[in-house]
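Novice: So that we are looking at the same thing, I have put the structure below in structure tokens.
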Amino acid sequence: MIRVASLYLPQLAIERLRRTESLAQLERPARPPEPAGASRASRLAAPIDDNPGPCSVPRGGGWRPGARWARDDGRPSQSDIDTLPAHQRPTMREMGRRSESAEHPFKAMPTDEGGACLSSAPALSWATLWGKPTILIERAGQRDLVTAACPVALGLGLRPGMAATHARALVTDLEVRDAEPEADRAWLDRLALHAVSHWTPTACPSGEDGLWLDLSGTTHLFGGEARFCRRLLRFLERLGFTASIATAGTPGAAHALARYGGETITLLPPGAEAQAIADLPLAALRLEPEALASAARFDLERIADLYPMPRAPLAKRLGLATVRRLDQARGLVAEPIIPVVPFEAPHAERRLLEPIGTAEAITQVIADLIDDLVIQLRERGLGLRAAHLTCLVVDGSEQHVAIGTSRATREPKHLKRMLGMRIERIDPGLGIEAMTLTAPRVEELEAQTLEAGLGASGRPPDIAPLVDQLAARIEPDAPFRLSSQESDVPERAVRRVEALAKPSGWPAWKRPVRMLRRPELLSHVVALLPDHPPRRFTWRGTAYRVMAGDGPERIHGEWWRTSQELWAVRDYFRVEAEGGERFWLFRRGDGVDEQTGNLSWYMHGMFG
């Protein structure tokens, strides 16, 4: 089920001016609560002790060993204190004791239904934050237009789209600033990158004042969609932004409800997009101004007015873009979200003067691309793990070739050899006019310190180039190693690892060189119960006579996995057949209790 959230920041341009904290500073837990009776004004008004002296305890923090009463020969008696004027009497803190009650320093703050701490600081008015009405203007033709206005200016009747001269005539004490759409777009990009690294892997800006967030399969990490939306709005509130959010099954419906729904948080159930946006104005479909003007001439105001209209007349009157936007909002046509990429992959490009089609020419261009790409990798201290070569053919088609390395590398000779082995997969057709080499997967690659030695060192040879060439000739995942895994069951104790991965230690028990993927049932087994190996058995239609055997090795089932393995028992035997073959087989059950197994025999592996 696809779930898309649309985040709308109506006052982004004007509220960005008073933002002072960064995103990283605000994505953190709330600070601990203040002691009882302490207000924000009292904390700001408290004096600062610039010279606390040699004592390690700051003034006002309790009784200090260097206090005046402690430096005297003895502490004054209560009668001496009573004879002093009230303003000269020492406090309980200076006397080294406290008898008054104090609030617990770790008392929990009140929380909302989402579990987030609520601040007890008094809310500041817009007039206090802005000081005076503020508007942003942008040049449009021969006049300046208002693009954004603060809430104080909006309350005085100023609106976006109004001429700047008209706004100055209405409000004399008006602060006018130039709009910075590029700065607003940069801040949206930063917020989208922050969303990718903290909330969802798919996020991108939506217009000039919003974001799209693909919440499919991510909201359970935050306690559900409702709790995630509340958390996101509180985060933006700490940044100083006013926002609304809507979640729906399509990006178009979420976009419309966030901007025209009238609710701060809208959670639309799946399949209700068409009904939810029916009463919204046509502007919610992101139509062009020409389409909106044509709709006004035909007296079309709401989205529901477009539902009964036939497609052909609708496309002729309002354009094909209107039909596409309507279908995208209702989920009839897919609207993909192109996510922002937090990392710019190194890439190199060559545009050719004339199309090429021979293997020699393609090899030369690939060599030039690799040289350019290696320079970028060295500058950034990276090594290549995967490379993607794209060849643009004259007819508009593309040819793609990809390689992977078992270890991060930026050795040009090795990379040229790897891509040279894939040239036969490229079909140049009428000729290749452009080639691009991209490294979508990279890793940090720094210099390594080698031990100095006069003679030949005992350093093992690097087999990474050999593994890469084998993977290029066969399947990419074919070269692998076997490593042990913590499990008592033999088929679970072995796993595949990368060819250059260091395998972990093997158990002390002897295991066969080749183990079957699944144990195979044996027939015509003759064995003496309970602890003797079989004397005869038939496997894959061939009868075997056992000459010698060793065992049993008893293995119990892993009862914590499933209830079926609670009483499961296997008795393994190593046997040698008459022809010299050595097998590893087992019997289900201990030969005494029927609950442990049905005494059937299975083949599980062969020794070399």
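Naming scheme: A, B, ... for chains in displayed order of the structure tokens; residues 1 onward per chain; ligands 1 onward as shown.
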List every residue of segment 185-339 of chain A that DSSP, applied to the backbone of this structure, places in alpha helix (DSSP H), and write the result as a ChimeraX atom specification.
Specialist: /A:185-198,225-239,251-260,273-276,289-297,311-318,320-330
Novice: Could you write out that same residue set with C-alpha atoms as a PDB file, in the first residue's frame?
Specialist:
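And here is the file that came out, part-v1.pdb:
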ATOM      1  CA  ARG A 185      14.633  26.469  -2.679  1.00  0.00           C
ATOM      2  CA  ALA A 186      17.996  25.727  -1.056  1.00  0.00           C
ATOM      3  CA  TRP A 187      16.347  25.476   2.351  1.00  0.00           C
ATOM      4  CA  LEU A 188      13.731  23.082   0.965  1.00  0.00           C
ATOM      5  CA  ASP A 189      16.522  20.949  -0.479  1.00  0.00           C
ATOM      6  CA  ARG A 190      18.215  20.888   2.929  1.00  0.00           C
ATOM      7  CA  LEU A 191      14.966  19.858   4.576  1.00  0.00           C
ATOM      8  CA  ALA A 192      14.477  17.118   1.966  1.00  0.00           C
ATOM      9  CA  LEU A 193      17.997  15.789   2.613  1.00  0.00           C
ATOM     10  CA  HIS A 194      17.271  15.871   6.333  1.00  0.00           C
ATOM     11  CA  ALA A 195      14.080  13.892   5.713  1.00  0.00           C
ATOM     12  CA  VAL A 196      15.977  11.282   3.683  1.00  0.00           C
ATOM     13  CA  SER A 197      18.488  10.728   6.487  1.00  0.00           C
ATOM     14  CA  HIS A 198      15.986  10.757   9.385  1.00  0.00           C
ATOM     15  CA  GLU A 225       1.127   8.023  10.706  1.00  0.00           C
ATOM     16  CA  ALA A 226      -0.636  10.255  13.225  1.00  0.00           C
ATOM     17  CA  ARG A 227       2.262  10.306  15.628  1.00  0.00           C
ATOM     18  CA  PHE A 228       4.770  10.882  12.835  1.00  0.00           C
ATOM     19  CA  CYS A 229       2.785  13.857  11.527  1.00  0.00           C
ATOM     20  CA  ARG A 230       2.610  15.409  14.999  1.00  0.00           C
ATOM     21  CA  ARG A 231       6.324  14.909  15.460  1.00  0.00           C
ATOM     22  CA  LEU A 232       7.089  16.491  12.089  1.00  0.00           C
ATOM     23  CA  LEU A 233       4.924  19.540  12.803  1.00  0.00           C
ATOM     24  CA  ARG A 234       6.533  20.028  16.236  1.00  0.00           C
ATOM     25  CA  PHE A 235       9.944  19.825  14.602  1.00  0.00           C
ATOM     26  CA  LEU A 236       9.023  22.548  12.108  1.00  0.00           C
ATOM     27  CA  GLU A 237       7.468  24.621  14.891  1.00  0.00           C
ATOM     28  CA  ARG A 238      10.787  24.600  16.729  1.00  0.00           C
ATOM     29  CA  LEU A 239      12.388  25.778  13.495  1.00  0.00           C
ATOM     30  CA  PRO A 251       0.843  12.470  -4.311  1.00  0.00           C
ATOM     31  CA  GLY A 252      -1.788  14.604  -6.040  1.00  0.00           C
ATOM     32  CA  ALA A 253      -4.455  13.991  -3.386  1.00  0.00           C
ATOM     33  CA  ALA A 254      -1.985  14.613  -0.558  1.00  0.00           C
ATOM     34  CA  HIS A 255      -0.837  17.839  -2.239  1.00  0.00           C
ATOM     35  CA  ALA A 256      -4.414  19.085  -2.628  1.00  0.00           C
ATOM     36  CA  LEU A 257      -5.523  18.247   0.914  1.00  0.00           C
ATOM     37  CA  ALA A 258      -2.439  19.783   2.536  1.00  0.00           C
ATOM     38  CA  ARG A 259      -3.009  23.122   0.812  1.00  0.00           C
ATOM     39  CA  TYR A 260      -6.770  23.353   0.430  1.00  0.00           C
ATOM     40  CA  GLU A 273      -8.914  10.050  -2.717  1.00  0.00           C
ATOM     41  CA  ALA A 274     -11.623  10.840  -5.294  1.00  0.00           C
ATOM     42  CA  GLN A 275     -14.263  11.552  -2.645  1.00  0.00           C
ATOM     43  CA  ALA A 276     -11.940  13.557  -0.398  1.00  0.00           C
ATOM     44  CA  PRO A 289      -3.267  29.523 -15.214  1.00  0.00           C
ATOM     45  CA  GLU A 290      -4.610  29.143 -18.755  1.00  0.00           C
ATOM     46  CA  ALA A 291      -6.513  25.993 -17.749  1.00  0.00           C
ATOM     47  CA  LEU A 292      -7.963  27.736 -14.684  1.00  0.00           C
ATOM     48  CA  ALA A 293      -9.064  30.684 -16.794  1.00  0.00           C
ATOM     49  CA  SER A 294     -10.754  28.353 -19.300  1.00  0.00           C
ATOM     50  CA  ALA A 295     -12.488  26.481 -16.466  1.00  0.00           C
ATOM     51  CA  ALA A 296     -13.842  29.753 -15.102  1.00  0.00           C
ATOM     52  CA  ARG A 297     -15.393  30.571 -18.483  1.00  0.00           C
ATOM     53  CA  ARG A 311     -12.438  12.779 -21.522  1.00  0.00           C
ATOM     54  CA  ALA A 312     -12.328  14.093 -25.081  1.00  0.00           C
ATOM     55  CA  PRO A 313     -14.302  17.345 -24.459  1.00  0.00           C
ATOM     56  CA  LEU A 314     -12.437  17.870 -21.169  1.00  0.00           C
ATOM     57  CA  ALA A 315      -9.057  17.546 -22.856  1.00  0.00           C
ATOM     58  CA  LYS A 316     -10.138  19.862 -25.678  1.00  0.00           C
ATOM     59  CA  ARG A 317     -11.388  22.592 -23.348  1.00  0.00           C
ATOM     60  CA  LEU A 318      -8.848  22.440 -20.504  1.00  0.00           C
ATOM     61  CA  LEU A 320      -4.417  17.132 -21.707  1.00  0.00           C
ATOM     62  CA  ALA A 321      -2.488  18.226 -18.621  1.00  0.00           C
ATOM     63  CA  THR A 322      -5.777  18.689 -16.754  1.00  0.00           C
ATOM     64  CA  VAL A 323      -6.862  15.127 -17.533  1.00  0.00           C
ATOM     65  CA  ARG A 324      -3.503  13.789 -16.428  1.00  0.00           C
ATOM     66  CA  ARG A 325      -3.557  15.741 -13.149  1.00  0.00           C
ATOM     67  CA  LEU A 326      -7.087  14.523 -12.434  1.00  0.00           C
ATOM     68  CA  ASP A 327      -6.148  10.901 -13.032  1.00  0.00           C
ATOM     69  CA  GLN A 328      -2.976  11.244 -10.932  1.00  0.00           C
ATOM     70  CA  ALA A 329      -4.908  12.646  -7.988  1.00  0.00           C
ATOM     71  CA  ARG A 330      -7.438   9.796  -8.123  1.00  0.00           C
TER      72      ARG A 330
END
Novice: Please return, as a list in words, all residues of segment 391-444 of chain A that DSSP assigns to strand (DSSP E) on the basis of the backbone.
Specialist: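 Those residues are Cys391, Leu392, Val393, Glu398, Gln399, His400, Val401, Ala402, Ile403, Gly404, Thr405, Ser406, Arg407, Ala408, Thr409, Ile432, Glu433, Ala434, Met435, Thr436, Leu437, Thr438, Ala439, Pro440, Arg441, Val442, Glu443 and Glu444 of chain A.
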Novice: For Pro503 of chain A, find every residue with an atom within 8 Å (counting only C-alpha atoms), except residues of its own chain fewer than 4 positions away, and show them as a VMD selection string.
Specialist: chain A and resid 481 to 484 497
Novice: Since we have the selection now, will you write its residues out, keeping C-alpha atoms, as a PDB file, in the first residue's frame?
Specialist:
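And here is the file that came out, out-v5.pdb:
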ATOM      1  CA  ARG A 481      33.411 -18.657   0.367  1.00  0.00           C
ATOM      2  CA  LEU A 482      31.802 -20.820   2.989  1.00  0.00           C
ATOM      3  CA  SER A 483      31.817 -19.692   6.577  1.00  0.00           C
ATOM      4  CA  SER A 484      30.438 -21.186   9.744  1.00  0.00           C
ATOM      5  CA  VAL A 497      30.070 -15.074   2.346  1.00  0.00           C
TER       6      VAL A 497
END
Novice: My list of candidates is A:Arg302, A:Pro552, A:Leu12, A:Glu263. Which is closest to Ala278 of chain A when distances are computed with only C-alpha atoms?
Specialist: A:Arg302
Novice: Hey, what's within 7 Å of Thr242 of chain A if we count only C-alpha atoms and toss same-chain stuff fewer than 3 positions away? As number ranges by chain, please?
Specialist: A: 9-11, 237
Novice: Mind dumping the selected residues with all heavy atoms as a compact mmCIF listing (two decimals), in the first residue's frame?
Specialist:
# COMPACT_ATOMS: atom_id res chain seq x y z
N LEU A 9 4.28 24.41 3.58
CA LEU A 9 4.82 25.51 4.38
C LEU A 9 4.33 26.81 3.77
O LEU A 9 4.98 27.39 2.89
CB LEU A 9 6.35 25.46 4.40
CG LEU A 9 6.97 24.14 4.88
CD1 LEU A 9 8.46 24.12 4.61
CD2 LEU A 9 6.71 23.93 6.35
N PRO A 10 3.18 27.32 4.20
CA PRO A 10 2.60 28.48 3.53
C PRO A 10 3.41 29.75 3.69
O PRO A 10 3.37 30.62 2.82
CB PRO A 10 1.21 28.61 4.19
CG PRO A 10 1.36 27.95 5.51
CD PRO A 10 2.34 26.84 5.32
N GLN A 11 4.13 29.91 4.80
CA GLN A 11 4.88 31.13 5.05
C GLN A 11 6.39 30.87 5.00
O GLN A 11 7.15 31.44 5.78
CB GLN A 11 4.49 31.70 6.43
CG GLN A 11 3.05 32.14 6.54
CD GLN A 11 2.76 33.40 5.73
OE1 GLN A 11 3.67 34.16 5.44
NE2 GLN A 11 1.51 33.59 5.37
N GLU A 237 7.83 23.52 13.99
CA GLU A 237 7.47 24.62 14.89
C GLU A 237 8.69 25.12 15.66
O GLU A 237 8.86 26.32 15.87
CB GLU A 237 6.38 24.15 15.86
CG GLU A 237 5.89 25.24 16.80
CD GLU A 237 4.82 24.74 17.74
OE1 GLU A 237 4.44 23.55 17.62
OE2 GLU A 237 4.37 25.51 18.60
Novice: From the set A:Gly551, A:Pro512, A:Gly207, A:Pro479, which residue has the shortest atom-to-atom contact distance to Arg496 of chain A, counting only C-alpha atoms?
Specialist: A:Pro479
Novice: Give the answer as one residue: which of A:Met547, A:Gly597, A:Arg380, A:Ile423 has the shortest atom-to-atom distance to Asp571 of chain A, using only C-alpha atoms?
Specialist: A:Gly597
Novice: Please list as a list in words every residue within 10 Å of Pro160 of chain A, counting only C-alpha atoms and excluding residues in the same chain fewer than 2 positions away.
Specialist: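 The residues that qualify are Ile135, Leu136, Ile137, Leu145, Val146, Thr147, Ala148, Ala149, Leu154, Leu158, Met162, Ala163, Ala164 and Ala167 of chain A.
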Novice: Restricting the calculation to only C-alpha atoms: of A:Leu599, A:Leu445, A:Cys204, A:Ala248, which residue gets closest to Val526 of chain A?
Specialist: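 Answer, going by the shortest atom-to-atom distance: A:Leu599.
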